[in-house]
Structures are given as C-alpha cells and as structure tokens.
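Pasting target_10.txt here (compact mmCIF, C-alpha atoms):
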```txt
# COMPACT_ATOMS: atom_id res chain seq x y z
CA MET A 29 -128.62 65.98 145.83
CA GLU A 30 -130.07 67.40 149.00
CA PRO A 31 -129.60 65.24 152.09
CA LYS A 32 -132.62 63.27 153.29
CA LYS A 33 -134.76 65.14 155.77
CA THR A 34 -135.67 63.20 158.89
CA LEU A 35 -137.94 64.55 161.58
CA PHE A 36 -136.77 62.82 164.74
CA VAL A 37 -139.42 62.78 167.47
CA ASN A 38 -138.30 61.73 170.93
CA LEU A 39 -141.49 60.68 172.67
CA SER A 40 -139.79 60.17 176.04
CA GLN A 41 -138.44 63.71 176.15
CA LYS A 42 -141.22 65.32 174.08
CA THR A 43 -138.73 66.90 171.71
CA ALA A 44 -138.42 66.99 167.95
CA GLU A 45 -135.62 67.97 165.64
CA MET A 46 -134.96 67.99 161.92
CA GLN A 47 -131.93 65.98 160.95
CA LEU A 48 -130.01 66.10 157.69
CA LEU A 49 -127.81 63.02 157.52
CA PRO A 50 -125.61 62.76 154.40
CA GLU A 51 -125.07 59.02 154.95
CA LEU A 52 -128.74 58.41 154.14
CA THR A 53 -128.49 59.70 150.55
CA PRO A 54 -127.71 56.28 148.92
CA CYS A 55 -130.86 54.86 150.53
CA VAL A 56 -133.19 56.59 148.00
CA GLY A 57 -136.23 56.31 150.27
CA GLY A 58 -138.91 54.01 151.63
CA VAL A 59 -137.87 50.66 153.00
CA THR A 60 -134.15 51.13 152.36
CA LEU A 61 -134.18 54.47 154.17
CA GLY A 62 -136.44 53.03 156.87
CA VAL A 63 -134.16 50.14 157.83
CA LYS A 64 -131.11 52.44 157.76
CA LEU A 65 -132.83 54.85 160.14
CA TYR A 66 -133.90 51.93 162.31
CA SER A 67 -130.27 50.79 162.49
CA LEU A 68 -129.15 54.28 163.54
CA TYR A 69 -131.79 54.58 166.25
CA LYS A 70 -132.40 50.96 167.23
CA ASP A 71 -131.80 51.70 170.93
CA PHE A 72 -135.02 53.75 170.83
CA ASP A 73 -137.01 50.89 169.23
CA PRO A 74 -138.38 53.44 166.76
CA VAL A 75 -141.33 53.41 164.43
CA VAL A 76 -139.84 54.74 161.19
CA ILE A 77 -142.21 56.22 158.63
CA CYS A 78 -140.83 56.97 155.18
CA VAL A 79 -141.85 58.18 151.77
CA GLY A 80 -139.92 57.89 148.55
CA PRO A 81 -138.71 60.35 145.93
CA LEU A 82 -141.65 59.82 143.57
CA ASN A 83 -144.50 60.21 146.09
CA GLY A 84 -146.54 63.31 145.33
CA PHE A 85 -145.24 63.48 141.77
CA PHE A 86 -146.02 60.31 139.83
CA PRO A 87 -149.11 58.09 139.53
CA PHE A 88 -149.24 54.92 141.63
CA ALA A 89 -146.39 56.18 143.87
CA SER A 90 -149.02 56.29 146.53
CA LYS A 91 -148.04 54.40 149.66
CA THR A 92 -146.25 55.21 152.91
CA CYS A 93 -143.69 52.83 154.40
CA PHE A 94 -143.58 51.90 158.10
CA VAL A 95 -140.54 50.05 159.44
CA VAL A 96 -140.70 48.48 162.91
CA GLN A 97 -139.26 45.59 164.80
CA ASN A 98 -141.81 43.02 165.88
CA ASP A 99 -140.75 40.24 168.24
CA GLY A 100 -137.18 40.51 166.97
CA VAL A 101 -138.13 40.57 163.29
CA MET A 102 -137.87 43.66 161.10
CA GLU A 103 -141.15 44.34 159.35
CA ASP A 104 -141.91 46.74 156.51
CA LEU A 105 -145.54 47.69 156.17
CA TYR A 106 -147.22 49.93 153.60
CA ILE A 107 -150.36 51.95 153.96
CA GLY A 108 -152.33 53.86 151.34
CA GLY A 109 -154.45 56.97 151.80
CA GLY A 110 -153.12 60.48 151.68
CA LEU A 111 -150.24 60.30 154.14
CA SER A 112 -147.49 60.02 151.51
CA PHE A 113 -148.55 63.32 149.91
CA ARG A 114 -148.68 65.07 153.29
CA LEU A 115 -145.26 63.86 154.39
CA LYS A 116 -143.79 64.72 151.01
CA PHE A 117 -145.27 68.20 151.05
CA ALA A 118 -144.13 68.70 154.61
CA CYS A 119 -140.77 68.24 152.85
CA LEU A 120 -139.99 65.20 154.97
CA ASP A 121 -138.38 62.00 153.77
CA ALA A 122 -138.83 60.27 157.08
CA LEU A 123 -140.47 60.58 160.46
CA VAL A 124 -138.88 58.69 163.34
CA LEU A 125 -141.01 58.09 166.42
CA ALA A 126 -138.47 57.15 169.07
CA GLY A 127 -138.83 56.06 172.67
CA SER A 128 -142.12 56.01 174.56
CA SER A 129 -144.33 58.69 175.96
CA SER A 130 -145.07 58.65 179.69
CA GLU A 131 -148.76 59.21 178.99
CA ASP A 132 -151.11 58.80 176.02
CA VAL A 133 -150.21 61.42 173.46
CA ILE A 134 -151.38 62.82 170.14
CA LEU A 135 -148.86 64.39 167.79
CA ASP A 136 -149.80 67.40 165.72
CA ILE A 137 -147.17 67.68 162.99
CA THR A 138 -147.11 70.59 160.56
CA ASN A 139 -144.09 70.47 158.28
CA ASP A 140 -141.18 70.20 160.73
CA GLU A 141 -143.05 71.40 163.81
CA VAL A 142 -144.40 68.93 166.35
CA LYS A 143 -146.86 69.56 169.15
CA PHE A 144 -147.38 66.94 171.85
CA LEU A 145 -151.03 67.01 172.83
CA ASP A 146 -153.28 65.34 175.35
CA ALA A 147 -154.90 62.12 174.12
CA GLN A 148 -158.33 63.70 174.59
CA THR A 149 -157.61 66.26 171.87
CA ASP A 150 -160.08 66.18 169.01
CA LEU A 151 -157.95 64.93 166.11
CA ASP A 152 -160.40 66.43 163.66
CA SER A 153 -159.47 69.88 164.95
CA LEU A 154 -155.81 69.48 164.03
CA GLY A 155 -153.98 70.47 160.87
CA LEU A 156 -155.39 72.06 157.77
CA PRO A 157 -158.27 70.47 155.86
CA GLY A 158 -157.12 69.16 152.49
CA LYS A 159 -153.49 69.29 153.57
CA ARG A 160 -153.58 66.91 156.50
CA SER A 161 -153.66 63.19 157.02
CA ILE A 162 -154.76 61.66 160.30
CA LEU A 163 -153.79 58.31 161.77
CA HIS A 164 -155.64 57.39 164.89
CA MET A 165 -156.36 54.49 167.17
CA LYS A 166 -159.96 53.42 167.00
CA LYS A 167 -161.07 50.36 168.97
CA ASP A 168 -157.46 49.12 169.15
CA SER A 169 -157.03 49.46 165.37
CA LEU A 170 -155.05 52.15 163.61
CA LEU A 171 -157.02 53.89 160.92
CA LEU A 172 -155.62 56.39 158.45
CA ASP A 173 -157.91 59.08 157.09
CA GLY A 174 -160.89 57.20 158.53
CA TYR A 175 -160.54 54.26 156.12
CA PHE A 176 -157.08 52.81 155.49
CA GLY A 177 -155.56 50.33 157.91
CA PHE A 178 -153.22 47.44 158.56
CA ASP A 179 -154.27 43.85 158.93
CA LEU A 180 -151.87 42.30 161.36
CA GLY A 181 -151.93 44.39 164.52
CA ILE A 182 -148.16 44.92 164.44
CA LEU A 183 -148.29 48.70 164.33
CA GLU A 184 -151.13 48.86 166.80
CA LYS A 185 -148.96 47.00 169.31
CA LYS A 186 -146.12 49.48 168.77
CA PHE A 187 -148.33 52.56 169.03
CA LEU A 188 -149.92 51.24 172.23
CA ALA A 189 -146.47 50.55 173.73
CA LYS A 190 -145.33 54.05 172.81
CA LYS A 191 -148.63 55.51 174.04
CA ILE A 192 -149.28 57.25 170.73
CA PHE A 193 -153.01 57.66 170.37
CA GLY A 194 -152.73 59.19 166.92
CA PHE A 195 -151.12 61.85 164.80
CA SER A 196 -151.97 64.47 162.26
CA VAL A 197 -149.50 65.37 159.51
CA THR A 198 -150.00 68.58 157.56
CA GLY A 199 -147.82 69.48 154.60
CA THR A 200 -147.96 73.05 153.36
CA LYS A 201 -144.83 73.25 151.24
CA LYS A 202 -144.94 73.84 147.50
CA VAL A 203 -142.28 72.38 145.25
CA PRO A 204 -141.52 73.89 141.83
CA ILE A 205 -141.39 71.36 139.02
CA LEU A 206 -138.29 71.95 136.97
CA GLY A 207 -138.13 70.54 133.45
CA SER A 208 -141.89 70.22 133.45
CA ALA A 209 -142.18 69.07 129.79
CA LYS A 210 -140.13 65.93 130.49
CA TYR A 211 -141.98 65.43 133.76
CA MET A 212 -145.37 65.66 132.07
CA THR A 213 -144.34 63.17 129.37
CA LEU A 214 -143.24 60.66 132.00
CA PHE A 215 -146.31 61.31 134.15
CA ASN A 216 -148.64 60.61 131.24
CA ASP A 217 -146.63 57.57 130.12
CA ILE A 218 -147.02 56.01 133.57
CA LEU A 219 -150.67 56.96 133.87
CA GLY A 220 -151.23 55.32 130.49
CA GLN A 221 -149.90 52.04 131.87
CA LYS A 222 -152.64 51.53 134.41
CA GLU A 223 -153.54 48.19 132.85
CA LEU A 224 -150.19 46.96 134.20
CA VAL A 225 -151.33 47.59 137.76
CA ASN A 226 -152.41 44.34 139.36
CA ALA A 227 -155.63 45.79 140.78
CA GLN A 228 -159.08 46.33 139.40
CA GLU A 229 -160.51 49.81 138.99
CA SER A 230 -163.34 50.31 141.44
CA ASN A 231 -165.15 53.00 143.43
CA CYS A 232 -163.44 52.51 146.77
CA PRO A 233 -161.53 55.32 148.48
CA SER A 234 -158.27 55.71 146.63
CA CYS A 235 -154.74 56.43 147.69
CA SER A 236 -153.44 59.88 146.76
CA GLY A 237 -151.92 59.75 143.30
CA CYS A 238 -153.75 56.61 142.20
CA PRO A 239 -156.85 56.96 140.03
CA LEU A 240 -157.97 53.33 140.39
CA GLY A 241 -159.95 53.38 143.65
CA CYS A 242 -159.31 49.65 143.98
CA ASP A 243 -160.71 47.44 146.69
CA LYS A 244 -157.19 46.44 147.79
CA SER A 245 -156.34 49.90 149.07
CA GLN A 246 -158.06 49.53 152.44
CA THR A 247 -155.60 47.05 153.88
CA GLY A 248 -151.90 47.70 153.63
CA GLU A 249 -149.13 45.66 152.13
CA MET A 250 -146.18 43.89 153.72
CA GLY A 251 -142.75 43.13 152.25
CA GLY A 252 -141.98 42.83 148.54
CA ASN A 253 -139.78 44.33 145.82
CA ILE A 254 -137.04 46.49 147.34
CA LEU A 255 -136.82 49.00 144.48
CA VAL A 256 -140.60 49.46 144.35
CA HIS A 257 -140.75 49.84 148.12
CA SER A 258 -137.79 52.23 148.19
CA LEU A 259 -139.86 54.46 145.92
CA VAL A 260 -142.87 53.58 148.09
CA ALA A 261 -144.90 52.95 144.99
CA CYS A 262 -147.94 50.72 145.29
CA GLY A 263 -146.90 47.07 145.34
CA TYR A 264 -149.61 46.33 142.79
CA ALA A 265 -147.80 48.70 140.40
CA GLU A 266 -144.65 46.60 140.55
CA ASN A 267 -144.83 45.93 136.80
CA ILE A 268 -144.33 49.66 136.23
CA TYR A 269 -141.91 50.59 138.97
CA SER A 270 -139.60 47.61 138.68
CA ASN A 271 -138.59 49.01 135.28
CA LEU A 272 -135.21 50.46 136.13
CA GLY A 273 -135.03 52.66 133.03
CA MET A 274 -138.38 54.25 133.82
CA VAL A 275 -137.46 54.77 137.47
CA PHE A 276 -134.13 56.31 136.51
CA ALA A 277 -135.88 58.74 134.16
CA CYS A 278 -138.43 59.72 136.81
CA LEU A 279 -135.75 60.33 139.42
CA ASP A 280 -133.57 62.24 136.98
CA CYS A 281 -136.32 64.62 135.96
CA LEU A 282 -136.99 65.44 139.62
CA GLY A 283 -133.31 66.22 140.15
CA TYR A 284 -132.25 63.00 141.90
CA LYS A 285 -128.91 62.06 140.39
CA TYR A 286 -128.81 58.39 141.29
CA THR A 287 -126.93 56.10 138.94
CA HIS A 288 -128.32 52.86 137.55
CA GLU A 289 -125.72 51.06 139.66
CA GLN A 290 -126.96 52.72 142.84
CA LEU A 291 -130.53 51.70 142.05
CA GLU A 292 -129.48 48.15 141.24
CA ALA A 293 -127.57 48.00 144.54
CA LEU A 294 -130.63 48.80 146.69
CA PRO A 295 -131.47 45.15 147.54
CA ASP A 296 -127.86 44.59 148.66
CA LEU A 297 -127.91 47.79 150.69
CA PHE A 298 -131.15 46.66 152.31
CA THR A 299 -129.75 43.21 153.17
CA LYS A 300 -126.49 44.68 154.50
CA THR A 301 -128.39 47.07 156.76
CA LEU A 302 -130.58 44.25 158.08
CA LYS A 303 -127.41 42.34 158.99
CA GLU A 304 -126.09 45.40 160.83
CA ILE A 305 -129.29 45.54 162.86
CA SER A 306 -129.15 41.88 163.82
CA MET B 35 -169.56 82.71 127.08
CA PRO B 36 -166.85 82.04 129.74
CA LYS B 37 -166.67 78.50 131.03
CA LYS B 38 -166.81 77.38 134.64
CA LEU B 39 -165.78 74.18 136.42
CA LYS B 40 -168.62 72.63 138.33
CA VAL B 41 -168.70 69.66 140.70
CA ILE B 42 -171.60 67.55 139.45
CA ASN B 43 -170.88 64.14 141.00
CA GLN B 44 -169.27 64.73 144.38
CA ASP B 45 -170.49 61.34 145.62
CA ARG B 46 -168.33 59.66 142.97
CA CYS B 47 -165.08 61.21 144.27
CA VAL B 48 -162.67 58.53 145.54
CA GLY B 49 -160.15 61.01 146.95
CA CYS B 50 -157.33 60.18 144.54
CA GLU B 51 -156.32 63.84 144.23
CA MET B 52 -155.46 63.47 140.54
CA CYS B 53 -157.30 66.77 140.02
CA VAL B 54 -155.06 68.40 142.63
CA LEU B 55 -151.99 67.08 140.81
CA GLU B 56 -153.37 68.39 137.49
CA CYS B 57 -154.04 71.87 138.89
CA GLN B 58 -150.58 72.06 140.38
CA GLN B 59 -148.95 70.76 137.20
CA GLN B 60 -150.61 73.54 135.25
CA LEU B 61 -149.11 75.94 137.79
CA LYS B 62 -145.74 74.20 137.30
CA SER B 63 -145.49 73.07 140.88
CA ALA B 64 -146.30 70.16 143.16
CA GLY B 65 -147.91 70.24 146.58
CA LEU B 66 -151.19 70.79 148.31
CA GLU B 67 -150.56 74.43 149.15
CA GLY B 68 -152.12 76.86 146.70
CA SER B 69 -154.00 74.21 144.75
CA TYR B 70 -157.24 75.50 143.26
CA ILE B 71 -158.91 72.21 144.21
CA ARG B 72 -158.79 70.60 147.64
CA ILE B 73 -160.12 67.19 148.59
CA LEU B 74 -161.45 67.09 152.14
CA ARG B 75 -161.71 63.70 153.81
CA ASP B 76 -164.34 62.91 156.41
CA LEU B 77 -162.56 61.45 159.46
CA ASN B 78 -165.69 59.67 160.64
CA ASP B 79 -166.48 58.21 157.25
CA GLY B 80 -163.30 57.85 155.26
CA ALA B 81 -165.27 56.83 152.19
CA LYS B 82 -166.77 60.30 151.84
CA PHE B 83 -165.06 63.30 150.29
CA VAL B 84 -165.87 66.93 149.76
CA VAL B 85 -164.42 68.57 146.65
CA SER B 86 -163.61 72.21 147.34
CA VAL B 87 -163.04 74.33 144.23
CA ASP B 88 -161.52 77.81 144.22
CA PRO B 89 -163.04 79.99 141.47
CA LYS B 90 -159.48 80.76 140.39
CA VAL B 91 -159.48 77.30 138.79
CA GLU B 92 -160.99 79.01 135.74
CA GLU B 93 -157.55 80.50 135.09
CA LEU B 94 -156.45 76.97 134.24
CA ASN B 95 -157.22 74.64 131.36
CA ILE B 96 -160.50 73.30 132.70
CA LYS B 97 -160.79 70.55 130.11
CA ARG B 98 -157.56 69.02 131.39
CA VAL B 99 -158.79 69.20 134.98
CA ILE B 100 -162.00 67.42 133.98
CA LYS B 101 -160.03 64.77 132.11
CA SER B 102 -157.74 64.16 135.08
CA CYS B 103 -160.64 62.89 137.18
CA PRO B 104 -161.23 59.15 136.70
CA LYS B 105 -164.75 59.34 138.11
CA GLU B 106 -166.29 62.21 136.10
CA VAL B 107 -166.80 64.37 139.16
CA PHE B 108 -166.50 67.62 137.19
CA GLU B 109 -168.25 69.21 134.27
CA GLU B 110 -167.65 72.34 132.26
CA VAL B 111 -170.63 74.68 132.27
CA GLU B 112 -171.37 78.16 130.94
CA GLU B 113 -170.76 81.03 133.38
CA ASP B 114 -174.50 81.39 134.08
CA GLY B 115 -174.61 77.75 135.19
CA ALA B 116 -176.36 76.45 132.07
```

Can you dump the structure from the file as structure tokens?
Amino acid sequence: MEPKKTLFVNLSQKTAEMQLLPELTPCVGGVTLGVKLYSLYKDFDPVVICVGPLNGFFPFASKTCFVVQNDGVMEDLYIGGGLSFRLKFACLDALVLAGSSSEDVILDITNDEVKFLDAQTDLDSLGLPGKRSILHMKKDSLLLDGYFGFDLGILEKKFLAKKIFGFSVTGTKKVPILGSAKYMTLFNDILGQKELVNAQESNCPSCSGCPLGCDKSQTGEMGGNILVHSLVACGYAENIYSNLGMVFACLDCLGYKYTHEQLEALPDLFTKTLKEIS
Amino acid sequence: MPKKLKVINQDRCVGCEMCVLECQQQLKSAGLEGSYIRILRDLNDGAKFVVSVDPKVEELNIKRVIKSCPKEVFEEVEEDGA
C-alpha cells in the first residue's frame, strides 16, 4: 500500500510540505489517522483534517474529519459538503494546519501546493469551479461551500486563534479504477441499501457522494463509531459501514490490503493513540 | 435520431455529484478532473447549484447518467431538442 499523504502546513513559517509517513499506514484514515497525526504534531496544536479510503469512491462515504484539541479534550468533528471529494482528488489523506499565522490568512490549496494569501482575498476567485471546496469564516461561524457548518464553535475558536480566515481546496487528480466490475457491483450494492441510512431523503443540499439530500447534512457530527469514522463515512450510514465484511471488500477492490484483524484493531489503535497524547 | 442529455430541472439539484461519479465510472476513473458533468456551488447561497454539462457526455451511456441522479435533473432528448 502507498504511504498516507499528509500536507503539512506551517502557518507560523508560511511553509507547506508533503509528507509520506509509513507509520501512518495502519491508521486507515479519518479519525484514527487524525489522532495519530495530532500526536505527532501536538506541539503545534494542529487542526488535522482527514479523509478516508472510501471517500470519492463509494456512496455515503461523504464526510470530512476534523481533529482538534479543545480545552484539553480531543474532539473529532465531521462536516459534509464537497470537501472530502476535493481532498481525495487532491490525492491527500490529511491536511495538517500547524502553528499560528502572524496575521489573518487565507489558504489557497491546489493538490499539494499552498498559497498564503491576504485575508481580504476574494475566496470566490480561488481554485477551479466544480473542483474546489471553500471553508470560510462568516460572522464568526465557519461555513463550508456556503451551507455546511459545525454547531459547537470549537473549530471557529481554533481558526480564529490560528488567524485562518478560510481556505479553498481544489483537487484536480484523476484516479484510475482498477477491477471496475467488482467496484461497480459493490457501489451498486451499497447504493441499494439507502434505506439503512438513518436519515430521511429530502431536497436539502447534499454531501458529495450521498444522494439523499437529508436535512441533517447542514450541521456536522461529533464522535461515534471508530471504523465508520476512520472511513469518514456518514455517521447516519453506520448500519452499512460498520459491516466489516463489506468494508473489507470495498477497501480490497480499491487496492488497500488491510486485514480483517487490522480493521478490528482500529478502536484499540485509536484509544492507544489518545493515551499517548495525554 | 441521436440522443442528447439535457438539464431540465436544475433547481432540483442538491449537489450530491452522483452524476459526476457515474460519468467517471463510465470512463473507468474517479475524480473531478475530466468529468463531463461539473456541479458548481454558489458560495453566497450554498443551496443553489449550477449543472454544467460538456457535450462529450453523449459519448457515454446517457440513460445511466439520468438514472444516477436522485432528483430527476436530467432528461434524454432528441438531437434537435424535441
């Protein structure tokens, strides 16, 4: 398996570098990867943003994970919208926002390139339409793609402290699908299980990769099933993505050679990493 | 008569990008780059979307693209628009 790709952004020094850390491979993605990255960079009090291996490929794998420390407590938050697709197709597994900027800043991220821009920059002018996702501070609230947000103010506090006024993420990479017959079978199987999703179909803005358009998408999620949140699937699709056999098959057909034992060990890995942090 | 994919209910689009996934699957890839359909989000009103369709979408199985949309945004029409 390829090592996880982390884009490490040092806000204090205004630098960015791609990191390939082999020790992150067992983390799979999402919350498990997020806490591991936090533990590695805790001196920077980072905001860690992660996707999982199924984002961009399978239905209901539609969220993006944020890991931060809030008043001494590790928090994992999940937001909908289109950010997971953009990070995935920037070929990033994680984005680490470390340190603090000396002045208000906007980040313009295209794949693994980062530009540090003045806070007055028009966010709408950044990135490529259709391939970008924009998170920005509006009246002290963070809003993704003009609609999706968080309820609790935790991230807002972090972004204000780091002087991040917003960011745009554009993903322009194309990934070939190998073994597409097996992939399509699994894709359609999962799509056919939408009645298992604990959300009602509606006409609200939807998260990328979810056809439901439910009214729960606007506010994010917090905490929950470690396997589901390592995949960064929607928490309301837990009935689908807590099925280890299904998850194993999905990962296998995308070329991720995790064993059942590794997947079963994710909650322990998560707990162990939390202990390391504390 | 050749068939064409037409956006008939843009206001129903919820931005799920299932049509983008379908287009890319037919091209045996994943990603936003090179998709024959793009969903453009309005930053000032995140509940509004513009569906941008490349005419090359007609190289694909249009019926499957139409079926991929949960909100019946698309319709198949004759080349002359009928």

**Pick from B:Glu93, B:Ser86, B:Glu112, B:Glu67 nearest to chain A, counting only C-alpha atoms** =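 Counting only C-alpha atoms, the residue closest to chain A is B:Glu67.
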
With a cut-off of 6 Å and counting all atoms listed in the file, select all residues of chain A in contact with chain B and give the selection as an mmCIF file with C-alpha atoms, in the coordinates of the input.
```cif
data_model
loop_
_atom_site.group_PDB
_atom_site.id
_atom_site.type_symbol
_atom_site.label_atom_id
_atom_site.label_comp_id
_atom_site.auth_asym_id
_atom_site.auth_seq_id
_atom_site.Cartn_x
_atom_site.Cartn_y
_atom_site.Cartn_z
ATOM 1 C CA PHE A 117 -145.270 68.200 151.050
ATOM 2 C CA PRO A 157 -158.270 70.470 155.860
ATOM 3 C CA GLY A 158 -157.120 69.160 152.490
ATOM 4 C CA LYS A 159 -153.490 69.290 153.570
ATOM 5 C CA ASP A 173 -157.910 59.080 157.090
ATOM 6 C CA GLY A 174 -160.890 57.200 158.530
ATOM 7 C CA TYR A 175 -160.540 54.260 156.120
ATOM 8 C CA THR A 200 -147.960 73.050 153.360
ATOM 9 C CA LYS A 202 -144.940 73.840 147.500
ATOM 10 C CA VAL A 203 -142.280 72.380 145.250
ATOM 11 C CA PRO A 204 -141.520 73.890 141.830
ATOM 12 C CA ILE A 205 -141.390 71.360 139.020
ATOM 13 C CA PRO A 233 -161.530 55.320 148.480
ATOM 14 C CA SER A 234 -158.270 55.710 146.630
ATOM 15 C CA CYS A 235 -154.740 56.430 147.690
ATOM 16 C CA SER A 236 -153.440 59.880 146.760
ATOM 17 C CA GLY A 237 -151.920 59.750 143.300
ATOM 18 C CA CYS A 238 -153.750 56.610 142.200
ATOM 19 C CA PRO A 239 -156.850 56.960 140.030
#
```

**Asked** Contacts of Pro36 in chain B at 10 Å or less, counting all atoms listed in the file, minus same-chain residues fewer than 5 places along, as a list in words?
**Response**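 Everything that qualifies: Glu92, Val111, Glu112, Glu113 and Asp114 of chain B.
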
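The two atoms in question, CA of Leu123 in chain A and CA of Glu103 in chain A, are spaced 16.3 Å apart.
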
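Compared by their closest atoms to Asn139 in chain A, and using all atoms listed in the file, the residues A:Phe113, A:Phe94, A:Phe298, A:Phe86 rank with A:Phe113 nearest.
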
**Prompt:** Which residue out of A:Leu302, A:Ile162, A:Leu214, A:Leu180 has the minimum interatomic distance to Phe193 in chain A when all atoms listed in the file are used?
**Reply:**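 Closest to Phe193 in chain A, using all atoms listed in the file: A:Ile162.
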
**Prompt:** What's the 12 Å shell around range 143-153 of chain A, counting only C-alpha atoms, without same-chain residues fewer than 6 positions away, as a ChimeraX atom specification?
**Reply:** /A:37-45,129-137,160-166,172-174,191-197 /B:74-78

**Asked** By how many Å are CA of Ala89 in chain A and CA of Val256 in chain A apart?
**Response**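 Answer for the CA of Ala89 in chain A to CA of Val256 in chain A separation: 8.9 Å.
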
**Request:** Would you work out the distance separating CA of Ile218 in chain A from CA of Ile268 in chain A, expressed in Å to one decimal?
**Result:**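 About the pair CA of Ile218 in chain A and CA of Ile268 in chain A: they are 7.4 Å apart.
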
**Request:** Name the closest residue to Thr92 in chain A among the candidates A:Ser169, A:Ser258, A:Thr213, A:Ser230; distances are taken between atoms, counting all atoms listed in the file.
**Result:**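 Nearest candidate to Thr92 in chain A out of A:Ser169, A:Ser258, A:Thr213, A:Ser230: A:Ser258.
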
**Prompt:** So which residues are close to (-165.5, 72.1, 136.8), meaning at most 10 Å away in the file's coordinates with only C-alpha atoms counted, and can you show them as a list of chain:residue names?
**Reply:**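 Returned residue set, sorted by chain then number, is B:Lys37, B:Lys38, B:Leu39, B:Lys40, B:Val41, B:Ile42, B:Ile71, B:Val87, B:Pro89, B:Val91, B:Glu92, B:Ile96, B:Lys97, B:Val99, B:Ile100, B:Glu106, B:Val107, B:Phe108, B:Glu109, B:Glu110, B:Val111.
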
What lies within 7 Å of Thr247 in chain A using only C-alpha atoms, ignoring chain neighbours under 4 positions off, as a PDB file with C-alpha atoms, keeping the file's coordinate frame?
```pdb
ATOM      1  CA  PHE A 176    -157.080  52.810 155.490  1.00  0.00           C
ATOM      2  CA  GLY A 177    -155.560  50.330 157.910  1.00  0.00           C
ATOM      3  CA  PHE A 178    -153.220  47.440 158.560  1.00  0.00           C
ATOM      4  CA  ASP A 179    -154.270  43.850 158.930  1.00  0.00           C
TER       5      ASP A 179
END
```

**Request:** Point out the residue among A:Leu291, A:Met46, A:Leu171, A:Leu183 with the least atom-to-atom distance to Ala277 in chain A, counting all atoms listed in the file.
**Result:** A:Leu291

**Asked** Hey, which of A:Leu49, A:Val96, A:Ile77, A:Leu240 ends up closest to Lys116 in chain A? Count all atoms listed in the file.
**Response**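 When distances to Lys116 in chain A are compared using all atoms listed in the file, the smallest one comes from A:Ile77.
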
Take the structure in the block and write a file for range 173-230 of chain A, C-alpha atoms, as a short mmCIF file (atom, residue, chain, number, x, y, z; two decimals), in the first residue's frame.
```cif
data_model
loop_
_atom_site.label_atom_id
_atom_site.label_comp_id
_atom_site.auth_asym_id
_atom_site.auth_seq_id
_atom_site.Cartn_x
_atom_site.Cartn_y
_atom_site.Cartn_z
CA ASP A 173 -19.43 25.59 0.45
CA GLY A 174 -21.79 28.33 1.64
CA TYR A 175 -24.04 25.92 3.56
CA PHE A 176 -22.43 23.25 5.75
CA GLY A 177 -21.24 24.09 9.24
CA PHE A 178 -20.49 22.99 12.77
CA ASP A 179 -22.71 23.58 15.74
CA LEU A 180 -20.44 23.99 18.69
CA GLY A 181 -17.98 26.76 17.87
CA ILE A 182 -14.98 24.54 18.58
CA LEU A 183 -13.41 24.87 15.15
CA GLU A 184 -14.24 28.54 14.92
CA LYS A 185 -12.24 29.12 18.10
CA LYS A 186 -9.27 27.25 16.63
CA PHE A 187 -9.39 29.02 13.28
CA LEU A 188 -9.61 32.42 15.00
CA ALA A 189 -6.62 31.55 17.21
CA LYS A 190 -4.63 30.45 14.17
CA LYS A 191 -5.82 33.50 12.22
CA ILE A 192 -7.14 31.38 9.37
CA PHE A 193 -9.91 33.30 7.70
CA GLY A 194 -10.70 30.49 5.28
CA PHE A 195 -9.33 28.08 2.74
CA SER A 196 -10.03 26.77 -0.71
CA VAL A 197 -9.12 23.19 -1.62
CA THR A 198 -9.00 22.20 -5.28
CA GLY A 199 -8.42 18.62 -6.36
CA THR A 200 -7.51 18.02 -9.98
CA LYS A 201 -6.13 14.49 -9.86
CA LYS A 202 -7.77 11.60 -11.66
CA VAL A 203 -7.56 8.10 -10.25
CA PRO A 204 -7.99 5.03 -12.48
CA ILE A 205 -10.41 2.46 -11.13
CA LEU A 206 -8.84 -0.95 -11.34
CA GLY A 207 -11.08 -4.00 -11.20
CA SER A 208 -14.03 -1.84 -12.13
CA ALA A 209 -16.56 -4.72 -12.42
CA LYS A 210 -16.11 -5.64 -8.75
CA TYR A 211 -16.11 -1.97 -7.80
CA MET A 212 -19.37 -1.33 -9.66
CA THR A 213 -21.05 -4.32 -8.02
CA LEU A 214 -20.08 -3.07 -4.56
CA PHE A 215 -21.02 0.52 -5.41
CA ASN A 216 -24.50 -0.53 -6.51
CA ASP A 217 -24.92 -2.88 -3.53
CA ILE A 218 -24.22 -0.01 -1.13
CA LEU A 219 -26.37 2.45 -3.05
CA GLY A 220 -29.19 -0.09 -2.89
CA GLN A 221 -29.01 -0.05 0.90
CA LYS A 222 -30.03 3.55 1.32
CA GLU A 223 -32.98 2.52 3.47
CA LEU A 224 -30.39 1.54 6.09
CA VAL A 225 -29.20 5.13 6.34
CA ASN A 226 -30.69 6.76 9.41
CA ALA A 227 -31.74 9.92 7.56
CA GLN A 228 -34.75 10.87 5.52
CA GLU A 229 -34.43 11.69 1.83
CA SER A 230 -35.11 15.37 1.29
#
```
